[in-house]
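This report refers to the structure that appears directly beneath it.
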Amino acid sequence: MSVKPLFQNEPFVFSQENQEKIEKLLARYPKDRKVSAILPVLDLAQRQCGGWLPREAMEAVAELLGVTPLYVWEIATFYTMFHLRPTGQHHVQVCRTASCYLRGAGKLTKVCEKKLKIACGQTREDGKFSLEEVECLGACVNAPVVQINDDYYEDLSPEALEDVLEALETDESVKPGSQTRQKLSTAPAGYGAKPEKKGGRRA
């Protein structure tokens with residue numbers, strides 16, 4: 001599979017809508033501390049570019065915030081939320097940190113590779129899916145967890161993840177959150193769930 005370039009090969013300019021958002025962001029910080037807005041500004045740039053940060057966008061962010069392109073590069077390469085190459089329409093991120101790993105994250109990665117027919121770090125030829133493993137997604141109580149674009153899919157079994165991927169493949173809507181347990185938010189399995197009724201009385 002060919003490696004896509006880091007360059008967009010055209011100038012990057014923030015859209016009018018994003019410029020207005022950036023003005024509001026910068027207003028939160030002292031004028032000599034505007035670099036503090038680098039994370040949300042990079043996020044806006046990435047979304048405008050369709051899910052990745054070409055070199056031109058990072059250079060534009062550097063000029064906007066008054067820092068060197070290298071400083072922006074250091075930030076963009078530190079956080080897995082930023083992508084330096086184009087991603088798929090559905091960017092699948094499998095958490096591999098302790099809680100998720102102990103609850104079967106390795107099996108989830110294998111499910112993705114088999115179902116999507118790509119390896120970690122790759123984007124499918126049709127551009128519909130890309131796959132990577134990431135460090136802690138911060139939802140350990142609902143491990144194992146997979147993030148797809150902006151949504152978390154939690155309490156996953158291999159079978160449940162297959163169902164999610166099949167639905168996305170056919171452009172069906174999928175409800176994010178816990179996929180295998182009836183529960184309330186981040187509570188233990190069964191806690192807070194509505195009890196079944198038997199004979200008109202609660203069990």
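Simple scheme: letters A, B, ... for chains in structure tokens order, numbers from 1 for residues in each chain, numbers from 1 for ligands in the order shown.
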
What are the DSSP alpha helix (DSSP H) residues of segment 25-145 of chain A, as a ChimeraX atom specification? /A:25-26,38-48,55-65,69-78,98-102,105-116

Sorted per-residue table, segment 73-128 of chain A near segment 158-182 of chain A, closest atoms and distance, 7 Å, only C-alpha atoms, as CSV:
```
residue,atom,partner,partner_atom,distance
A:Lys107,CA,A:Pro158,CA,6.6
A:Leu108,CA,A:Pro158,CA,5.6
A:Val111,CA,A:Pro158,CA,6.4
```

Residues of segment 69-121 of chain A that approach segment 42-57 of chain A to 12 Å or less, counting only C-alpha atoms: could you list each one with the shortest pair of atoms and its distance in Å to one decimal, rows by chain and increasing residue number, as CSV?
```
residue,atom,partner,partner_atom,distance
A:Pro69,CA,A:Arg55,CA,8.9
A:Leu70,CA,A:Arg55,CA,10.6
A:Val72,CA,A:Leu42,CA,8.6
A:Trp73,CA,A:Arg55,CA,8.7
A:Ile75,CA,A:Leu42,CA,9.2
A:Ala76,CA,A:Leu42,CA,7.9
A:Thr77,CA,A:Leu53,CA,10.3
A:Tyr79,CA,A:Leu42,CA,11.0
A:Thr80,CA,A:Trp52,CA,11.3
A:Met81,CA,A:Asp43,CA,8.5
A:Phe82,CA,A:Trp52,CA,6.8
A:His83,CA,A:Trp52,CA,4.8
A:Leu84,CA,A:Leu53,CA,5.1
A:Arg85,CA,A:Trp52,CA,5.8
A:Pro86,CA,A:Trp52,CA,5.2
A:Thr87,CA,A:Gly51,CA,6.2
A:Gly88,CA,A:Gly51,CA,8.2
A:Gln89,CA,A:Gly51,CA,8.4
A:His90,CA,A:Gly51,CA,9.9
A:His91,CA,A:Gly51,CA,8.8
```

Using the chain letters and numbers from this document, which residues of segment 10-197 of chain A does DSSP assign to strand (DSSP E or B), as a PyMOL selection string? chain A and resi 90-95+123+129-134+146-148+151-154+177-178+197

Which residues come within 12 Å of Lys110 of chain A, counting only C-alpha atoms, excluding same-chain residues fewer than 2 positions away, as an MDAnalysis selection string? chainID A and resid 94 104:108 112:120 131:133 157:159 161:162

Write out, as a PDB file, in the first residue's frame, the residues just selected, with N, CA, C and O atoms.
```pdb
ATOM      1  N   VAL A  94      -7.974   1.532  18.253  1.00  0.00           N
ATOM      2  CA  VAL A  94      -8.128   0.507  19.281  1.00  0.00           C
ATOM      3  C   VAL A  94      -7.221   0.840  20.454  1.00  0.00           C
ATOM      4  O   VAL A  94      -6.009   0.958  20.291  1.00  0.00           O
ATOM      5  N   GLY A 104      -9.065  -7.898  26.464  1.00  0.00           N
ATOM      6  CA  GLY A 104      -9.180  -8.437  25.119  1.00  0.00           C
ATOM      7  C   GLY A 104      -8.957  -7.499  23.961  1.00  0.00           C
ATOM      8  O   GLY A 104      -9.407  -7.776  22.841  1.00  0.00           O
ATOM      9  N   ALA A 105      -8.239  -6.389  24.177  1.00  0.00           N
ATOM     10  CA  ALA A 105      -8.023  -5.442  23.088  1.00  0.00           C
ATOM     11  C   ALA A 105      -7.253  -6.067  21.930  1.00  0.00           C
ATOM     12  O   ALA A 105      -7.465  -5.710  20.766  1.00  0.00           O
ATOM     13  N   GLY A 106      -6.366  -7.009  22.247  1.00  0.00           N
ATOM     14  CA  GLY A 106      -5.623  -7.673  21.186  1.00  0.00           C
ATOM     15  C   GLY A 106      -6.539  -8.386  20.206  1.00  0.00           C
ATOM     16  O   GLY A 106      -6.305  -8.376  18.985  1.00  0.00           O
ATOM     17  N   LYS A 107      -7.595  -8.999  20.728  1.00  0.00           N
ATOM     18  CA  LYS A 107      -8.559  -9.676  19.864  1.00  0.00           C
ATOM     19  C   LYS A 107      -9.317  -8.666  19.000  1.00  0.00           C
ATOM     20  O   LYS A 107      -9.667  -8.954  17.853  1.00  0.00           O
ATOM     21  N   LEU A 108      -9.563  -7.472  19.565  1.00  0.00           N
ATOM     22  CA  LEU A 108     -10.276  -6.447  18.800  1.00  0.00           C
ATOM     23  C   LEU A 108      -9.444  -5.972  17.619  1.00  0.00           C
ATOM     24  O   LEU A 108      -9.971  -5.740  16.523  1.00  0.00           O
ATOM     25  N   CYS A 112     -10.472  -6.173  13.607  1.00  0.00           N
ATOM     26  CA  CYS A 112     -10.411  -5.048  12.675  1.00  0.00           C
ATOM     27  C   CYS A 112      -9.567  -5.383  11.453  1.00  0.00           C
ATOM     28  O   CYS A 112      -9.961  -5.102  10.317  1.00  0.00           O
ATOM     29  N   GLU A 113      -8.407  -5.978  11.694  1.00  0.00           N
ATOM     30  CA  GLU A 113      -7.518  -6.305  10.577  1.00  0.00           C
ATOM     31  C   GLU A 113      -8.169  -7.300   9.629  1.00  0.00           C
ATOM     32  O   GLU A 113      -8.054  -7.178   8.403  1.00  0.00           O
ATOM     33  N   LYS A 114      -8.860  -8.285  10.193  1.00  0.00           N
ATOM     34  CA  LYS A 114      -9.512  -9.296   9.358  1.00  0.00           C
ATOM     35  C   LYS A 114     -10.719  -8.718   8.628  1.00  0.00           C
ATOM     36  O   LYS A 114     -10.912  -8.953   7.428  1.00  0.00           O
ATOM     37  N   LYS A 115     -11.523  -7.949   9.349  1.00  0.00           N
ATOM     38  CA  LYS A 115     -12.766  -7.423   8.774  1.00  0.00           C
ATOM     39  C   LYS A 115     -12.494  -6.330   7.743  1.00  0.00           C
ATOM     40  O   LYS A 115     -13.141  -6.265   6.689  1.00  0.00           O
ATOM     41  N   LEU A 116     -11.526  -5.464   8.035  1.00  0.00           N
ATOM     42  CA  LEU A 116     -11.249  -4.327   7.166  1.00  0.00           C
ATOM     43  C   LEU A 116     -10.188  -4.637   6.113  1.00  0.00           C
ATOM     44  O   LEU A 116      -9.997  -3.868   5.177  1.00  0.00           O
ATOM     45  N   LYS A 117      -9.482  -5.754   6.333  1.00  0.00           N
ATOM     46  CA  LYS A 117      -8.432  -6.195   5.398  1.00  0.00           C
ATOM     47  C   LYS A 117      -7.298  -5.168   5.281  1.00  0.00           C
ATOM     48  O   LYS A 117      -6.783  -4.913   4.194  1.00  0.00           O
ATOM     49  N   ILE A 118      -6.955  -4.576   6.416  1.00  0.00           N
ATOM     50  CA  ILE A 118      -5.808  -3.674   6.496  1.00  0.00           C
ATOM     51  C   ILE A 118      -5.088  -3.928   7.812  1.00  0.00           C
ATOM     52  O   ILE A 118      -5.656  -4.515   8.736  1.00  0.00           O
ATOM     53  N   ALA A 119      -3.835  -3.520   7.891  1.00  0.00           N
ATOM     54  CA  ALA A 119      -3.059  -3.637   9.126  1.00  0.00           C
ATOM     55  C   ALA A 119      -3.061  -2.298   9.846  1.00  0.00           C
ATOM     56  O   ALA A 119      -3.442  -1.266   9.280  1.00  0.00           O
ATOM     57  N   CYS A 120      -2.634  -2.304  11.109  1.00  0.00           N
ATOM     58  CA  CYS A 120      -2.542  -1.056  11.865  1.00  0.00           C
ATOM     59  C   CYS A 120      -1.619  -0.080  11.145  1.00  0.00           C
ATOM     60  O   CYS A 120      -0.558  -0.458  10.643  1.00  0.00           O
ATOM     61  N   LEU A 131      -6.959   2.348  10.314  1.00  0.00           N
ATOM     62  CA  LEU A 131      -6.853   1.622  11.576  1.00  0.00           C
ATOM     63  C   LEU A 131      -5.534   1.934  12.269  1.00  0.00           C
ATOM     64  O   LEU A 131      -4.484   2.013  11.622  1.00  0.00           O
ATOM     65  N   GLU A 132      -5.607   2.118  13.586  1.00  0.00           N
ATOM     66  CA  GLU A 132      -4.393   2.252  14.379  1.00  0.00           C
ATOM     67  C   GLU A 132      -4.668   1.836  15.817  1.00  0.00           C
ATOM     68  O   GLU A 132      -5.813   1.806  16.267  1.00  0.00           O
ATOM     69  N   GLU A 133      -3.606   1.484  16.536  1.00  0.00           N
ATOM     70  CA  GLU A 133      -3.682   1.241  17.970  1.00  0.00           C
ATOM     71  C   GLU A 133      -3.189   2.492  18.679  1.00  0.00           C
ATOM     72  O   GLU A 133      -2.238   3.127  18.225  1.00  0.00           O
ATOM     73  N   SER A 157     -17.016  -6.793  22.829  1.00  0.00           N
ATOM     74  CA  SER A 157     -16.574  -8.152  22.556  1.00  0.00           C
ATOM     75  C   SER A 157     -16.183  -8.182  21.086  1.00  0.00           C
ATOM     76  O   SER A 157     -16.570  -7.281  20.321  1.00  0.00           O
ATOM     77  N   PRO A 158     -15.420  -9.176  20.638  1.00  0.00           N
ATOM     78  CA  PRO A 158     -15.108  -9.261  19.207  1.00  0.00           C
ATOM     79  C   PRO A 158     -16.359  -9.259  18.337  1.00  0.00           C
ATOM     80  O   PRO A 158     -16.393  -8.616  17.283  1.00  0.00           O
ATOM     81  N   GLU A 159     -17.392  -9.964  18.800  1.00  0.00           N
ATOM     82  CA  GLU A 159     -18.627 -10.043  18.016  1.00  0.00           C
ATOM     83  C   GLU A 159     -19.328  -8.692  17.933  1.00  0.00           C
ATOM     84  O   GLU A 159     -19.844  -8.304  16.880  1.00  0.00           O
ATOM     85  N   LEU A 161     -17.899  -5.750  18.149  1.00  0.00           N
ATOM     86  CA  LEU A 161     -17.132  -4.876  17.266  1.00  0.00           C
ATOM     87  C   LEU A 161     -17.379  -5.221  15.806  1.00  0.00           C
ATOM     88  O   LEU A 161     -17.466  -4.330  14.960  1.00  0.00           O
ATOM     89  N   GLU A 162     -17.502  -6.503  15.495  1.00  0.00           N
ATOM     90  CA  GLU A 162     -17.833  -6.906  14.123  1.00  0.00           C
ATOM     91  C   GLU A 162     -19.145  -6.274  13.689  1.00  0.00           C
ATOM     92  O   GLU A 162     -19.272  -5.795  12.558  1.00  0.00           O
TER      93      GLU A 162
END
```

Would you pick out the contacts of Glu135 of chain A at 8 Å or less, using only C-alpha atoms, so that residues sharing its chain but fewer than 4 positions from it are not included, and give the list as a PDB file with all heavy atoms, in the first residue's frame?
```
ATOM      1  N   CYS A  95      -7.804   1.008  21.640  1.00  0.00           N
ATOM      2  CA  CYS A  95      -6.998   1.277  22.834  1.00  0.00           C
ATOM      3  C   CYS A  95      -6.264   0.000  23.233  1.00  0.00           C
ATOM      4  O   CYS A  95      -6.858  -1.074  23.315  1.00  0.00           O
ATOM      5  CB  CYS A  95      -7.883   1.744  23.983  1.00  0.00           C
ATOM      6  SG  CYS A  95      -6.948   2.132  25.481  1.00  0.00           S
ATOM      7  N   ARG A  96      -4.951   0.127  23.499  1.00  0.00           N
ATOM      8  CA  ARG A  96      -4.147  -1.047  23.827  1.00  0.00           C
ATOM      9  C   ARG A  96      -3.526  -0.957  25.219  1.00  0.00           C
ATOM     10  O   ARG A  96      -2.660  -1.758  25.573  1.00  0.00           O
ATOM     11  CB  ARG A  96      -3.036  -1.202  22.795  1.00  0.00           C
ATOM     12  CG  ARG A  96      -2.043  -0.037  22.794  1.00  0.00           C
ATOM     13  CD  ARG A  96      -1.004  -0.205  21.714  1.00  0.00           C
ATOM     14  NE  ARG A  96      -0.059   0.920  21.722  1.00  0.00           N
ATOM     15  CZ  ARG A  96       0.890   1.100  20.801  1.00  0.00           C
ATOM     16  NH1 ARG A  96       0.999   0.245  19.805  1.00  0.00           N
ATOM     17  NH2 ARG A  96       1.693   2.126  20.873  1.00  0.00           N
ATOM     18  N   THR A  97      -3.939   0.028  26.015  1.00  0.00           N
ATOM     19  CA  THR A  97      -3.354   0.196  27.339  1.00  0.00           C
ATOM     20  C   THR A  97      -3.932  -0.833  28.317  1.00  0.00           C
ATOM     21  O   THR A  97      -4.880  -1.540  27.998  1.00  0.00           O
ATOM     22  CB  THR A  97      -3.557   1.638  27.824  1.00  0.00           C
ATOM     23  OG1 THR A  97      -3.206   2.518  26.758  1.00  0.00           O
ATOM     24  CG2 THR A  97      -2.663   1.973  29.002  1.00  0.00           C
TER      25      THR A  97
END
```
